[in-house]
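**Student:** Encoded as structure tokens, here's the structure I'll be asking about.
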Amino acid sequence: MAEINITLPDGSQRSLEEGTTATGLAMSISRGLAKAAVAAEVNGVETDLGVALPADATVAIVTGDSDEGRHILRHSTSHVMAQAVTQLFPGAKFSIGPAITDGFYYDFDLPGGKTFLEEDLKAVEARMREIIKADQPFSRSEMSIDEALVMFADQPYKQEIIERVRALADVPLDPNDDEASEDAAEIAVGGTVSVYRNTPEFVDMCRGPHVPTTGKLGHFKLMKVAGAYWRGNEKGPMLQRIYGTAWESKAALEEHLHRLEEAEKRDHRKLATELDLLSFPSELGGGLAVWHPKGGIIRKLMEDYSRERHQNGGYQFVYTPHLANGKLFETSGHLAWYKDGMYPPMEMDNGTYYMKPMNCPMHCLIFRSRQRSYRELPLRLFELGTVYRYERAGTLHGLMRIRGFTQDDSHIYCTEDQLLDEIASLLDFVLSVLRAFGFNDFTANLSTRDPKKSVGSDEIWDKSTEALRVALERHGLPFKYKHGDAAFYGPKIDIDVRDAIGRSWQLSTIQCDFNLPERFDLEYVGNDNARHQPIMLHRALFGSVERFFGVLLEHFAGAFPAWLAPVQARILPVATAHEDYAHEQAAALRAAGFRVDVVEANDQLGKRIRAAKMEKLPYVLVVGDDDVANHTFGVNPRGGEVERGVSVEAFTERLSAEVAEMNPEIVGAAIAAAGTSAG
RNA sequence: GCCCAGAUAGCUCAGUCGGUAGAGCAUUUCACUCGUAAUGAAAAGGUCGAGAGUUCGAUUCUCUCUCUGGGCUCCA
């Protein structure tokens with residue numbers, strides 16, 4: 001019997017009998033590995049375990065607990081779901097069923113326009129478990145495009161995908177290019193179509209690989225049903241999408257479900273209600289919020305901090321109205337590009353007015369209000385500008401997607417020579433402000449031109465994209481490209497931050513704009529006494545104050561750091577006799593610049609402490625006989641141990657330090673104030 | 001905008017197979033004055049999201065609208 005040589009990922013070599021499969025290889029290494037294996041990587045290509053290994057190949061066994069392995073488990077589970085659905089709902093048409101983050105989905109079109117109900121999901125899940133128990137093989141075969149069309153004669157969505165394969169057969173596939181290529185790349189291998197058959201009745205087109213048998217699967221849960229457009233096309237048919245999650249073990253599945261519960265607990269909409277921060281009265285209309293006092297104070301602190309930093313950063317403060325004549329947005333081009341996203345026009349005596357959907361055109365008017373010199377550049381205009389956008393009803397989501405919101409918006413006008421330095425220092429500024437709010441993990445995206453949705457010459461786009469790239473590299477911030485993701489007027493850098501439970505949020509943005517200066521005829525007089533067009537940068541750090549607040553709320557799970565907490569300390573007198581002392585100390589702390597309240601002894605102490613803990617206050621101060629006698633507090637910090645007999649001065653200092661730690665610049669003032677009045 | 005599911009007291013929810021509703025917490029009052037996560041009692045609190053239809057009668061069934069949730073699409 002001939003032998004073949006296999007190289008393992010660690011570089012070691014093995015001799016195996018010719019015809020040995022990846023499963024055989026895994027078995028020869030260890031039984032445990034064979035059990036955990038879901039696929040193999042042969043010479044860098046993911047392959048089914050059951051394929052005979054070629055000679056002199058480098059082979060890695062893919063196990064279910066790796067990212068690639070989970071991807072295969074999930075995708076295989078989606079096939080099982082499609083089989084279950086076609087069995088339970090004869091005549092069901094199915095389209096695509098990819099693996100996604102944490103799970104998978106499959107899109108279906110049920111006969112007679114039927115939709116899945118909650119009970120249907122349970123039935124599908126039960127049938128899936130039967131299929132898994134039956135340990136059906138996933139057997140691969142390849143066929144020509146014409147054969148595939150016959151095989152899927154009653155599956156119109158599959159037919160459409162096969163036709164795409166045909167159309168793209170001579171074109172090299174670029175999975176990044178568009179969705180069509182992506183589908184085609186999934187199933188096409190060199191002009192043929194590969195399919196996987198589970199039973200004589202059920203076969204699905206797929207490039208693979210898959211687990212060898214359905215018995216390898218099982219740690220899954222169907223999560224929800226949702227509508228989804230075929231091929232993502234709003235004008236196309238609406239399919240029924242079932243989402244599921246799948247993992248390599250029961251423990252991993254449970255951990256995932258637990259994470260979802262934790263995320264739900266810190267949902268900003270839930271916390272906003274529980275902590276009395278803000279609400280969305282239905283009387284106001286969708287996507288519009290009112291801020292209650294406790295949410296209001298946090299917002300004020302965020303805005304104050306932002307203003308302070310901008311003032312120190314060389315920005316100048318401007319204010320602009322919420323309404324403008326439509327001609328302004330015609331000039332800016334926004335009316336042409338985003339009319340559908342703007343509130344309907346108001347006809348008035350001398351024209352048609354619109355709520356402003358952004359601040360930039362007005363800032364351009366400020367720039368243009370008089371002749372500008374190069375000596376003024378870079379000119380940085382800053383405004384907490386409230387804008388109104390008619391977000392489509394189905395897209396609204398708490399504070400994250402809202403119809404009236406406030407941007408911490410700035411427009412920077414500079415010369416071409418200044419551009420790189422300006423962007424690089426802007427990156428420092430952005431990250432420094434984000435760090436003050438407790439974020440430490442950043443990644444950047446560089447969005448490039450979408451030729452179908454953009455204005456301006458290639459030269460200008462190339463130049464500005466290059467400027468952003470160089471600035472990112474010079475700054476050393478790692479970044480990824482998002483091709484075609486830019487706004488119509490120029491490329492942009494987005495900053496994603498990771499929150500306390502690992503979720504990523506897109507917050508800050510820096511955008512290059514060669515378009516508005518042109519449209520508004522902006523110019524400055526250079527040192528050559530000639531007129532030049534400035535370059536314009538748009539940037540926002542929070543993005544929207546509302547959204548940033550929502551992200552903070554979820555990041556801290558409502559337990560705001562001391563500098564942002566609506567109430568920093570609550571004093572609880574043990575009994576009525578200690579109320580005077582409690583009020584005196586509260587007044588002193590307030591005079592020192594802290595936010596402190598008192599809850600009198602009408603309820604039992606334990607109950608009042610519980611209430612304060614539910615409000616997630618940083619400090620609860622209990623005062624009784626000892627404290628009145630010794631000028632002390634019983635300090636009960638959030639998440640810490642109770643300390644009795646802490647002197648008033650020591651506590652004041654501690655709170656000052658804590659506030660200052662998070663926010664060095666603003667809180668300096670509070671420390672100074674505490675130093676003078678607490679002594 | 002599209003698909004699906006919802007809307008009952010300030011909050012979280014139960015309930016009415018069609019006969020106008022109930023709990024816990026919160027609120028108010030009274031008693032208790034207490035040293036670190038729920039003292040007891042009482043009261044008050046609802047056009048059962050809005051409008052229309054069916055019906056002797058609608059919070060309940062039907063339709064429309066508004067708002068909300070999960071997705072899709074979109075996101076200057």
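For the structure tokens, the naming scheme is as follows: chains receive sequential letters (A, B, ...) according to their order of presentation, residues are indexed from 1 within each chain, and ligands are indexed from 1 in presentation order.
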Give me, as a PyMOL selection string, all polymer residues having an atom no more than 12 Å from region 264-269 of chain A, counting only C-alpha atoms (C1' of nucleotides) and skipping those fewer than 5 positions away in the same chain.
**Tutor:** (chain A and resi 257-259+274-280+289+295+397-401+499-501+546-559) or (chain B and resi 68-69)
**Student:** Could you write out the selected residues, including C-alpha atoms (C1' of nucleotides), as a PDB file, in the first residue's frame?
**Tutor:**
ATOM      1  CA  LEU A 257     -27.758  32.758  26.052  1.00  0.00           C
ATOM      2  CA  HIS A 258     -26.526  34.121  29.363  1.00  0.00           C
ATOM      3  CA  ARG A 259     -24.623  36.887  27.569  1.00  0.00           C
ATOM      4  CA  GLU A 274     -35.767  52.277  35.745  1.00  0.00           C
ATOM      5  CA  LEU A 275     -33.415  55.134  36.602  1.00  0.00           C
ATOM      6  CA  ASP A 276     -35.897  57.847  35.592  1.00  0.00           C
ATOM      7  CA  LEU A 277     -33.521  59.386  33.050  1.00  0.00           C
ATOM      8  CA  LEU A 278     -35.730  60.011  30.043  1.00  0.00           C
ATOM      9  CA  SER A 279     -38.799  58.771  28.219  1.00  0.00           C
ATOM     10  CA  PHE A 280     -40.352  58.571  24.783  1.00  0.00           C
ATOM     11  CA  ALA A 289     -37.405  61.845  23.659  1.00  0.00           C
ATOM     12  CA  GLY A 295     -30.966  62.179  32.594  1.00  0.00           C
ATOM     13  CA  HIS A 397     -34.476  52.300  18.173  1.00  0.00           C
ATOM     14  CA  GLY A 398     -34.457  54.064  21.547  1.00  0.00           C
ATOM     15  CA  LEU A 399     -31.695  56.670  21.656  1.00  0.00           C
ATOM     16  CA  MET A 400     -29.622  54.781  19.126  1.00  0.00           C
ATOM     17  CA  ARG A 401     -31.792  55.807  16.193  1.00  0.00           C
ATOM     18  CA  ASP A 499     -17.917  48.545  25.551  1.00  0.00           C
ATOM     19  CA  ALA A 500     -17.770  46.780  28.913  1.00  0.00           C
ATOM     20  CA  ILE A 501     -19.301  43.583  27.550  1.00  0.00           C
ATOM     21  CA  GLU A 546     -28.363  61.148  22.594  1.00  0.00           C
ATOM     22  CA  ARG A 547     -26.826  58.067  21.083  1.00  0.00           C
ATOM     23  CA  PHE A 548     -23.597  58.514  23.017  1.00  0.00           C
ATOM     24  CA  PHE A 549     -25.641  58.775  26.190  1.00  0.00           C
ATOM     25  CA  GLY A 550     -27.384  55.516  25.281  1.00  0.00           C
ATOM     26  CA  VAL A 551     -24.059  53.812  24.661  1.00  0.00           C
ATOM     27  CA  LEU A 552     -22.687  55.122  27.983  1.00  0.00           C
ATOM     28  CA  LEU A 553     -25.788  53.908  29.767  1.00  0.00           C
ATOM     29  CA  GLU A 554     -25.281  50.417  28.386  1.00  0.00           C
ATOM     30  CA  HIS A 555     -21.510  50.532  28.887  1.00  0.00           C
ATOM     31  CA  PHE A 556     -21.865  51.366  32.581  1.00  0.00           C
ATOM     32  CA  ALA A 557     -25.103  49.365  32.960  1.00  0.00           C
ATOM     33  CA  GLY A 558     -26.555  52.483  34.585  1.00  0.00           C
ATOM     34  CA  ALA A 559     -23.801  52.671  37.217  1.00  0.00           C
TER      35      ALA A 559
ATOM     36  C1'   U B  68     -43.525  49.989  20.923  1.00  0.00           C
ATOM     37  C1'   G B  69     -40.467  45.432  20.223  1.00  0.00           C
TER      38        G B  69
END
**Student:** Using only C-alpha atoms (C1' of nucleotides), determine which residues of chain A fall within 8 Å of chain B; present them as number ranges by chain.
**Tutor:** A: 115, 224-229, 232-234, 238-240, 274, 282, 285-286, 334, 338, 357-358, 391-395, 487-488, 574-576, 601, 604-607, 609-611, 613, 622, 624, 636, 642
**Student:** If you run DSSP on the backbone, which residues of region 392-571 of chain A are alpha helix (DSSP H), as a ChimeraX atom specification?
**Tutor:** /A:419-436,458-475,516-519,545-555
**Student:** Keeping only C-alpha atoms, write the selected residues to a file as a PDB file, in the first residue's frame.
**Tutor:**
ATOM      1  CA  LEU A 419      -4.754  68.743   6.474  1.00  0.00           C
ATOM      2  CA  LEU A 420      -2.510  65.905   7.657  1.00  0.00           C
ATOM      3  CA  ASP A 421      -1.513  67.547  10.923  1.00  0.00           C
ATOM      4  CA  GLU A 422      -5.070  68.533  11.587  1.00  0.00           C
ATOM      5  CA  ILE A 423      -6.421  65.008  11.123  1.00  0.00           C
ATOM      6  CA  ALA A 424      -3.625  63.467  13.159  1.00  0.00           C
ATOM      7  CA  SER A 425      -4.180  65.822  16.099  1.00  0.00           C
ATOM      8  CA  LEU A 426      -7.929  65.331  15.709  1.00  0.00           C
ATOM      9  CA  LEU A 427      -7.412  61.605  16.229  1.00  0.00           C
ATOM     10  CA  ASP A 428      -5.569  62.330  19.491  1.00  0.00           C
ATOM     11  CA  PHE A 429      -8.342  64.665  20.581  1.00  0.00           C
ATOM     12  CA  VAL A 430     -11.076  62.175  19.778  1.00  0.00           C
ATOM     13  CA  LEU A 431      -9.456  59.289  21.619  1.00  0.00           C
ATOM     14  CA  SER A 432      -8.614  61.446  24.614  1.00  0.00           C
ATOM     15  CA  VAL A 433     -12.238  62.544  24.993  1.00  0.00           C
ATOM     16  CA  LEU A 434     -13.533  58.985  24.552  1.00  0.00           C
ATOM     17  CA  ARG A 435     -11.086  57.751  27.200  1.00  0.00           C
ATOM     18  CA  ALA A 436     -12.481  60.270  29.679  1.00  0.00           C
ATOM     19  CA  ASP A 458     -11.582  60.989  -8.846  1.00  0.00           C
ATOM     20  CA  GLU A 459      -8.575  63.138  -8.176  1.00  0.00           C
ATOM     21  CA  ILE A 460     -10.189  64.845  -5.210  1.00  0.00           C
ATOM     22  CA  TRP A 461     -11.420  61.553  -3.763  1.00  0.00           C
ATOM     23  CA  ASP A 462      -8.057  59.884  -4.151  1.00  0.00           C
ATOM     24  CA  LYS A 463      -6.310  62.815  -2.556  1.00  0.00           C
ATOM     25  CA  SER A 464      -8.591  63.003   0.466  1.00  0.00           C
ATOM     26  CA  THR A 465      -8.733  59.231   0.999  1.00  0.00           C
ATOM     27  CA  GLU A 466      -4.981  59.206   0.921  1.00  0.00           C
ATOM     28  CA  ALA A 467      -4.823  62.029   3.471  1.00  0.00           C
ATOM     29  CA  LEU A 468      -7.015  60.085   5.878  1.00  0.00           C
ATOM     30  CA  ARG A 469      -4.984  56.924   5.394  1.00  0.00           C
ATOM     31  CA  VAL A 470      -1.685  58.662   5.991  1.00  0.00           C
ATOM     32  CA  ALA A 471      -3.063  60.377   9.086  1.00  0.00           C
ATOM     33  CA  LEU A 472      -4.250  57.037  10.485  1.00  0.00           C
ATOM     34  CA  GLU A 473      -0.910  55.419   9.794  1.00  0.00           C
ATOM     35  CA  ARG A 474       1.017  58.302  11.223  1.00  0.00           C
ATOM     36  CA  HIS A 475      -1.136  58.105  14.333  1.00  0.00           C
ATOM     37  CA  LEU A 516     -19.089  71.934   0.199  1.00  0.00           C
ATOM     38  CA  PRO A 517     -16.222  74.429  -0.112  1.00  0.00           C
ATOM     39  CA  GLU A 518     -16.803  74.218  -3.854  1.00  0.00           C
ATOM     40  CA  ARG A 519     -20.578  74.506  -3.650  1.00  0.00           C
ATOM     41  CA  VAL A 545     -25.235  63.295  22.258  1.00  0.00           C
ATOM     42  CA  GLU A 546     -28.363  61.148  22.594  1.00  0.00           C
ATOM     43  CA  ARG A 547     -26.826  58.067  21.083  1.00  0.00           C
ATOM     44  CA  PHE A 548     -23.597  58.514  23.017  1.00  0.00           C
ATOM     45  CA  PHE A 549     -25.641  58.775  26.190  1.00  0.00           C
ATOM     46  CA  GLY A 550     -27.384  55.516  25.281  1.00  0.00           C
ATOM     47  CA  VAL A 551     -24.059  53.812  24.661  1.00  0.00           C
ATOM     48  CA  LEU A 552     -22.687  55.122  27.983  1.00  0.00           C
ATOM     49  CA  LEU A 553     -25.788  53.908  29.767  1.00  0.00           C
ATOM     50  CA  GLU A 554     -25.281  50.417  28.386  1.00  0.00           C
ATOM     51  CA  HIS A 555     -21.510  50.532  28.887  1.00  0.00           C
TER      52      HIS A 555
END
**Student:** With only C-alpha atoms (C1' of nucleotides) as the counted atoms, please give the residues lying no more than 7 Å from region 56-64 of chain A, apart from itself and same-chain residues fewer than 5 positions off, as a PyMOL selection string.
**Tutor:** chain A and resi 4-9+26+36-43+69-70+73+248
